[in-house]
>>> print(open('protein-v7.pdb').read())   # PDB, C-alpha atoms, pLDDT in the B column
MODEL        1
ATOM      1  CA  SER Y   1      24.305 -77.355 -53.385  1.00 41.00           C
ATOM      2  CA  GLU Y   2      26.406 -78.163 -56.374  1.00 42.00           C
ATOM      3  CA  GLN Y   3      29.995 -79.400 -56.368  1.00 42.00           C
ATOM      4  CA  GLY Y   4      32.890 -76.952 -56.488  1.00 42.00           C
ATOM      5  CA  PRO Y   5      33.783 -75.208 -59.726  1.00 42.00           C
ATOM      6  CA  HIS Y   6      35.330 -77.491 -62.336  1.00 40.00           C
ATOM      7  CA  ALA Y   7      35.341 -78.015 -66.082  1.00 38.00           C
ATOM      8  CA  ASP Y   8      34.258 -80.976 -68.161  1.00 38.00           C
ATOM      9  CA  VAL Y   9      33.185 -81.097 -71.790  1.00 40.00           C
ATOM     10  CA  LYS Y  10      31.686 -84.553 -72.116  1.00 40.00           C
ATOM     11  CA  ALA Y  11      28.727 -86.717 -71.346  1.00 42.00           C
ATOM     12  CA  SER Y  12      29.468 -87.808 -67.817  1.00 42.00           C
ATOM     13  CA  ALA Y  13      28.270 -89.786 -64.862  1.00 43.00           C
ATOM     14  CA  GLU Y  14      29.623 -88.868 -61.473  1.00 43.00           C
ATOM     15  CA  VAL Y  15      29.168 -90.219 -57.950  1.00 44.00           C
ATOM     16  CA  SER Y  16      30.963 -88.772 -54.940  1.00 41.00           C
ATOM     17  CA  VAL Y  17      30.981 -88.857 -51.160  1.00 44.00           C
ATOM     18  CA  GLY Y  18      32.755 -86.131 -49.252  1.00 45.00           C
ATOM     19  CA  THR Y  19      33.249 -84.674 -45.791  1.00 47.00           C
ATOM     20  CA  ALA Y  20      31.762 -81.367 -46.973  1.00 49.00           C
ATOM     21  CA  GLY Y  21      28.513 -83.269 -47.638  1.00 53.00           C
ATOM     22  CA  LEU Y  22      28.469 -84.498 -44.050  1.00 60.00           C
ATOM     23  CA  VAL Y  23      28.906 -80.935 -42.760  1.00 62.00           C
ATOM     24  CA  GLU Y  24      26.199 -79.689 -45.147  1.00 67.00           C
ATOM     25  CA  MET Y  25      23.747 -82.181 -43.554  1.00 70.00           C
ATOM     26  CA  ILE Y  26      23.815 -79.937 -40.451  1.00 73.00           C
ATOM     27  CA  ASP Y  27      22.470 -77.190 -42.715  1.00 73.00           C
ATOM     28  CA  THR Y  28      19.604 -79.224 -44.232  1.00 78.00           C
ATOM     29  CA  PHE Y  29      18.468 -81.996 -41.848  1.00 80.00           C
ATOM     30  CA  ASP Y  30      15.248 -80.114 -40.945  1.00 84.00           C
ATOM     31  CA  ARG Y  31      14.590 -78.535 -44.365  1.00 86.00           C
ATOM     32  CA  PRO Y  32      10.887 -78.707 -45.287  1.00 86.00           C
ATOM     33  CA  GLY Y  33       9.855 -80.393 -48.539  1.00 88.00           C
ATOM     34  CA  SER Y  34       9.402 -78.297 -51.679  1.00 90.00           C
ATOM     35  CA  SER Y  35       9.263 -78.806 -55.430  1.00 91.00           C
ATOM     36  CA  ILE Y  36       9.227 -76.728 -58.624  1.00 90.00           C
ATOM     37  CA  ALA Y  37       8.755 -77.417 -62.327  1.00 92.00           C
ATOM     38  CA  VAL Y  38       9.038 -74.611 -64.913  1.00 91.00           C
ATOM     39  CA  GLY Y  39       9.358 -74.279 -68.681  1.00 92.00           C
ATOM     40  CA  THR Y  40      11.750 -71.317 -68.778  1.00 95.00           C
ATOM     41  CA  TYR Y  41      13.570 -69.611 -65.945  1.00 93.00           C
ATOM     42  CA  ALA Y  42      16.045 -66.869 -65.131  1.00 94.00           C
ATOM     43  CA  ASP Y  43      17.491 -66.137 -61.713  1.00 91.00           C
ATOM     44  CA  ALA Y  44      20.199 -63.934 -60.270  1.00 93.00           C
ATOM     45  CA  GLY Y  45      21.143 -62.925 -56.775  1.00 91.00           C
ATOM     46  CA  VAL Y  46      23.533 -62.299 -53.950  1.00 92.00           C
ATOM     47  CA  TYR Y  47      23.613 -64.446 -50.821  1.00 88.00           C
ATOM     48  CA  ALA Y  48      25.356 -64.219 -47.452  1.00 88.00           C
ATOM     49  CA  ASP Y  49      24.184 -66.818 -44.960  1.00 83.00           C
ATOM     50  CA  GLY Y  50      25.484 -68.292 -41.764  1.00 80.00           C
ATOM     51  CA  LEU Y  51      25.133 -68.869 -38.068  1.00 79.00           C
ATOM     52  CA  GLU Y  52      21.309 -68.674 -38.051  1.00 80.00           C
ATOM     53  CA  ASP Y  53      19.324 -71.597 -36.665  1.00 83.00           C
ATOM     54  CA  LYS Y  54      17.348 -72.048 -39.902  1.00 81.00           C
ATOM     55  CA  PRO Y  55      17.625 -74.646 -42.702  1.00 77.00           C
ATOM     56  CA  GLY Y  56      20.230 -73.566 -45.272  1.00 74.00           C
ATOM     57  CA  LYS Y  57      21.579 -70.746 -43.090  1.00 79.00           C
ATOM     58  CA  ARG Y  58      23.661 -72.518 -40.407  1.00 81.00           C
ATOM     59  CA  ILE Y  59      26.945 -72.925 -42.348  1.00 79.00           C
ATOM     60  CA  PRO Y  60      28.578 -69.629 -43.389  1.00 85.00           C
ATOM     61  CA  LYS Y  61      28.593 -69.080 -47.172  1.00 87.00           C
ATOM     62  CA  ALA Y  62      28.441 -66.099 -49.497  1.00 91.00           C
ATOM     63  CA  GLY Y  63      28.420 -65.407 -53.209  1.00 91.00           C
ATOM     64  CA  VAL Y  64      26.753 -64.052 -56.329  1.00 93.00           C
ATOM     65  CA  TYR Y  65      25.159 -66.039 -59.161  1.00 94.00           C
ATOM     66  CA  ALA Y  66      23.100 -65.783 -62.336  1.00 95.00           C
ATOM     67  CA  GLY Y  67      21.499 -68.431 -64.506  1.00 94.00           C
ATOM     68  CA  ALA Y  68      18.842 -69.027 -67.146  1.00 96.00           C
ATOM     69  CA  GLY Y  69      17.498 -72.027 -69.000  1.00 96.00           C
ATOM     70  CA  VAL Y  70      14.663 -74.021 -70.506  1.00 96.00           C
ATOM     71  CA  GLY Y  71      13.156 -76.833 -68.465  1.00 95.00           C
ATOM     72  CA  LEU Y  72      13.795 -77.228 -64.737  1.00 95.00           C
ATOM     73  CA  ALA Y  73      12.324 -79.721 -62.271  1.00 96.00           C
ATOM     74  CA  ARG Y  74      13.571 -79.800 -58.668  1.00 95.00           C
ATOM     75  CA  ALA Y  75      12.474 -81.417 -55.405  1.00 96.00           C
ATOM     76  CA  GLU Y  76      14.072 -81.243 -51.972  1.00 94.00           C
ATOM     77  CA  TRP Y  77      13.318 -82.494 -48.488  1.00 92.00           C
ATOM     78  CA  SER Y  78      15.647 -82.738 -45.505  1.00 89.00           C
ATOM     79  CA  VAL Y  79      19.063 -83.960 -46.785  1.00 86.00           C
ATOM     80  CA  PHE Y  80      17.580 -85.254 -50.080  1.00 92.00           C
ATOM     81  CA  GLU Y  81      17.548 -83.388 -53.429  1.00 92.00           C
ATOM     82  CA  ALA Y  82      16.765 -84.291 -57.029  1.00 95.00           C
ATOM     83  CA  GLN Y  83      16.982 -82.009 -60.078  1.00 93.00           C
ATOM     84  CA  ALA Y  84      16.697 -82.228 -63.869  1.00 94.00           C
ATOM     85  CA  LYS Y  85      17.557 -79.373 -66.266  1.00 92.00           C
ATOM     86  CA  GLY Y  86      17.299 -78.798 -69.985  1.00 93.00           C
ATOM     87  CA  PRO Y  87      19.576 -76.361 -71.862  1.00 94.00           C
ATOM     88  CA  ASN Y  88      20.926 -73.738 -69.460  1.00 92.00           C
ATOM     89  CA  ALA Y  89      23.806 -71.407 -68.669  1.00 93.00           C
ATOM     90  CA  SER Y  90      25.001 -70.078 -65.323  1.00 92.00           C
ATOM     91  CA  ALA Y  91      27.904 -68.330 -63.630  1.00 93.00           C
ATOM     92  CA  GLY Y  92      28.859 -67.565 -60.064  1.00 92.00           C
ATOM     93  CA  VAL Y  93      31.465 -66.721 -57.462  1.00 92.00           C
ATOM     94  CA  GLY Y  94      31.269 -68.006 -53.913  1.00 89.00           C
ATOM     95  CA  ALA Y  95      32.910 -69.132 -50.695  1.00 87.00           C
ATOM     96  CA  SER Y  96      31.793 -71.816 -48.250  1.00 80.00           C
ATOM     97  CA  ALA Y  97      32.867 -72.728 -44.738  1.00 78.00           C
ATOM     98  CA  ALA Y  98      31.504 -76.270 -45.267  1.00 67.00           C
ATOM     99  CA  SER Y  99      34.180 -77.054 -47.866  1.00 66.00           C
ATOM    100  CA  LEU Y 100      36.684 -74.414 -46.651  1.00 76.00           C
ATOM    101  CA  SER Y 101      36.950 -73.141 -50.222  1.00 80.00           C
ATOM    102  CA  ALA Y 102      36.335 -70.253 -52.590  1.00 88.00           C
ATOM    103  CA  GLY Y 103      35.848 -70.409 -56.330  1.00 88.00           C
ATOM    104  CA  ALA Y 104      34.294 -69.131 -59.532  1.00 90.00           C
ATOM    105  CA  PHE Y 105      32.579 -70.955 -62.399  1.00 84.00           C
ATOM    106  CA  ALA Y 106      30.832 -70.595 -65.740  1.00 89.00           C
ATOM    107  CA  ARG Y 107      28.656 -73.470 -66.964  1.00 82.00           C
ATOM    108  CA  ALA Y 108      26.701 -74.259 -70.123  1.00 86.00           C
ATOM    109  CA  GLU Y 109      24.684 -77.480 -70.093  1.00 83.00           C
ATOM    110  CA  VAL Y 110      22.730 -79.271 -72.791  1.00 84.00           C
ATOM    111  CA  ALA Y 111      20.968 -81.358 -70.124  1.00 85.00           C
ATOM    112  CA  SER Y 112      21.630 -82.760 -66.643  1.00 83.00           C
ATOM    113  CA  ALA Y 113      20.040 -84.803 -63.895  1.00 84.00           C
ATOM    114  CA  SER Y 114      21.322 -84.991 -60.339  1.00 83.00           C
ATOM    115  CA  ALA Y 115      20.355 -86.463 -56.984  1.00 84.00           C
ATOM    116  CA  SER Y 116      21.856 -86.290 -53.520  1.00 82.00           C
ATOM    117  CA  ALA Y 117      21.299 -87.836 -50.114  1.00 82.00           C
ATOM    118  CA  GLY Y 118      23.546 -86.072 -47.612  1.00 75.00           C
ATOM    119  CA  PRO Y 119      27.202 -86.673 -48.593  1.00 70.00           C
ATOM    120  CA  LEU Y 120      26.329 -88.997 -51.496  1.00 76.00           C
ATOM    121  CA  LYS Y 121      25.880 -87.103 -54.785  1.00 74.00           C
ATOM    122  CA  ALA Y 122      25.362 -88.327 -58.344  1.00 73.00           C
ATOM    123  CA  LYS Y 123      25.119 -86.349 -61.605  1.00 73.00           C
ATOM    124  CA  VAL Y 124      24.708 -87.283 -65.262  1.00 75.00           C
ATOM    125  CA  GLY Y 125      24.874 -84.631 -67.977  1.00 72.00           C
ATOM    126  CA  LEU Y 126      26.436 -82.999 -70.997  1.00 77.00           C
ATOM    127  CA  SER Y 127      28.133 -79.702 -70.180  1.00 75.00           C
ATOM    128  CA  ALA Y 128      31.031 -77.328 -70.845  1.00 79.00           C
ATOM    129  CA  ASP Y 129      32.238 -76.075 -67.473  1.00 78.00           C
ATOM    130  CA  THR Y 130      35.121 -73.744 -66.768  1.00 89.00           C
ATOM    131  CA  GLY Y 131      36.231 -72.643 -63.322  1.00 89.00           C
ATOM    132  CA  ALA Y 132      38.610 -72.790 -60.423  1.00 91.00           C
ATOM    133  CA  SER Y 133      38.478 -73.363 -56.697  1.00 87.00           C
ATOM    134  CA  VAL Y 134      41.018 -73.129 -53.928  1.00 89.00           C
ATOM    135  CA  GLY Y 135      40.701 -74.160 -50.307  1.00 85.00           C
ATOM    136  CA  LEU Y 136      42.384 -75.847 -47.374  1.00 83.00           C
ATOM    137  CA  THR Y 137      41.646 -79.262 -48.913  1.00 78.00           C
ATOM    138  CA  GLY Y 138      43.039 -78.580 -52.401  1.00 84.00           C
ATOM    139  CA  VAL Y 139      43.111 -76.685 -55.679  1.00 88.00           C
ATOM    140  CA  GLU Y 140      41.172 -77.342 -58.892  1.00 86.00           C
ATOM    141  CA  ALA Y 141      41.325 -75.549 -62.257  1.00 89.00           C
ATOM    142  CA  LYS Y 142      39.857 -76.481 -65.631  1.00 82.00           C
ATOM    143  CA  VAL Y 143      39.196 -74.689 -68.913  1.00 85.00           C
ATOM    144  CA  LEU Y 144      36.761 -76.266 -71.380  1.00 76.00           C
ATOM    145  CA  GLY Y 145      37.452 -79.735 -70.068  1.00 66.00           C
ATOM    146  CA  THR Y 146      41.243 -79.567 -69.658  1.00 79.00           C
ATOM    147  CA  GLY Y 147      42.803 -79.167 -66.214  1.00 80.00           C
ATOM    148  CA  PHE Y 148      43.715 -80.737 -62.880  1.00 87.00           C
ATOM    149  CA  SER Y 149      42.716 -81.354 -59.264  1.00 81.00           C
ATOM    150  CA  PHE Y 150      45.367 -81.502 -56.530  1.00 88.00           C
ATOM    151  CA  GLY Y 151      44.743 -82.108 -52.832  1.00 82.00           C
ATOM    152  CA  ARG Y 152      42.077 -84.314 -51.265  1.00 72.00           C
ATOM    153  CA  LYS Y 153      40.859 -84.815 -54.840  1.00 72.00           C
ATOM    154  CA  MET Y 154      43.584 -85.836 -57.299  1.00 76.00           C
ATOM    155  CA  GLY Y 155      42.829 -85.856 -61.019  1.00 78.00           C
ATOM    156  CA  VAL Y 156      43.643 -84.797 -64.520  1.00 76.00           C
ATOM    157  CA  SER Y 157      41.449 -84.056 -67.528  1.00 73.00           C
ATOM    158  CA  LEU Y 158      42.412 -83.574 -71.177  1.00 69.00           C
ATOM    159  CA  PHE Y 159      39.792 -82.232 -73.611  1.00 61.00           C
ATOM    160  CA  GLY Y 160      37.013 -83.434 -71.304  1.00 58.00           C
ATOM    161  CA  THR Y 161      38.311 -86.949 -70.680  1.00 61.00           C
ATOM    162  CA  GLY Y 162      40.043 -87.701 -67.432  1.00 64.00           C
ATOM    163  CA  PHE Y 163      40.098 -89.376 -64.045  1.00 64.00           C
ATOM    164  CA  GLU Y 164      39.748 -88.319 -60.444  1.00 65.00           C
ATOM    165  CA  VAL Y 165      40.430 -90.019 -57.089  1.00 62.00           C
ATOM    166  CA  ASN Y 166      38.977 -88.778 -53.803  1.00 61.00           C
ATOM    167  CA  LEU Y 167      41.609 -89.518 -51.175  1.00 64.00           C
ATOM    168  CA  TRP Y 168      39.229 -88.832 -48.233  1.00 58.00           C
TER     169      TRP Y 168
ENDMDL
END
>>> encode(input="protein-v7.pdb", output="structure tokens")
Amino acid sequence: SEQGPHADVKASAEVSVGTAGLVEMIDTFDRPGSSIAVGTYADAGVYADGLEDKPGKRIPKAGVYAGAGVGLARAEWSVFEAQAKGPNASAGVGASAASLSAGAFARAEVASASASAGPLKAKVGLSADTGASVGLTGVEAKVLGTGFSFGRKMGVSLFGTGFEVNLW
């Protein structure tokens, strides 16, 4: 599960811990292990999950997405995930009860690598993200690397350079 919609145009390294990650652990603690590695890929779909006693379907969430790229490697098991991507583009709209938010995004990446263990998430990459999210814990909006976060996450970004503080 990726972080909420946001925009950054820069090479970046990011580490975060959040309460939404703790709630998402309920959704993945018994997820079986799987892995994938592909040269090219394209995917699109609609999802509406929630309140089923199955991994990935316990926390209500819904949305639509589409994406395509060159080079994808991904592994997941229980609350652990790791992923590396080459050039890719994606877009989506969604809502999640775990983060009490709704948002939309468009993303173009040159490359990225990410890993997560429950609420701890780290990502390194070069991308141009544009999007917005709104929820009970705050508001975020960015266009090609310029924007703001206000709420539990406070931050500002100007042309892809900025700062952010997670208050809780």
>>> resolve_selection(input="protein-v7.pdb", expression="the PyMOL selection byres ((chain Y and resi 47-64) around 7)", output="list in words")
Asp27, Thr28, Asp30, Arg31, Gly45, Val46, Tyr65, Gly92, Val93, Gly94, Ala95, Ser96, Ala97 and Ala98 of chain Y
>>> atom_distance(input="protein-v7.pdb", atom1="CA of Ser90 in chain Y", atom2="CA of Ala111 in chain Y")
12.9 Å
>>> closest_residue(input="protein-v7.pdb", among="Y:Lys85, Y:Gly69, Y:Glu76, Y:Ser34", to="Lys123 in chain Y", atoms="all atoms listed in the file")
Y:Lys85
>>> residues_near_point(input="protein-v7.pdb", point="(46.1, -74.3, -56.0)", cutoff="12 Å", atoms="all atoms listed in the file", output="ChimeraX atom specification")
/Y:101-103,132-142,147-154
>>> atom_distance(input="protein-v7.pdb", atom1="CA of Leu100 in chain Y", atom2="CA of Ala117 in chain Y")
20.7 Å
>>> resolve_selection(input="protein-v7.pdb", expression="the PyMOL selection byres ((chain Y and resi 71) around 7)", output="list in words")
Val38, Gly39, Thr40, Gly69, Val70, Leu72, Ala73, Lys85 and Gly86 of chain Y
>>> write_last_selection(input="protein-v7.pdb", atoms="C-alpha atoms", output="mmCIF file, in the coordinates of the input")
data_model
loop_
_atom_site.group_PDB
_atom_site.id
_atom_site.type_symbol
_atom_site.label_atom_id
_atom_site.label_comp_id
_atom_site.auth_asym_id
_atom_site.auth_seq_id
_atom_site.Cartn_x
_atom_site.Cartn_y
_atom_site.Cartn_z
ATOM 1 C CA VAL Y 38 9.038 -74.611 -64.913
ATOM 2 C CA GLY Y 39 9.358 -74.279 -68.681
ATOM 3 C CA THR Y 40 11.750 -71.317 -68.778
ATOM 4 C CA GLY Y 69 17.498 -72.027 -69.000
ATOM 5 C CA VAL Y 70 14.663 -74.021 -70.506
ATOM 6 C CA LEU Y 72 13.795 -77.228 -64.737
ATOM 7 C CA ALA Y 73 12.324 -79.721 -62.271
ATOM 8 C CA LYS Y 85 17.557 -79.373 -66.266
ATOM 9 C CA GLY Y 86 17.299 -78.798 -69.985
#
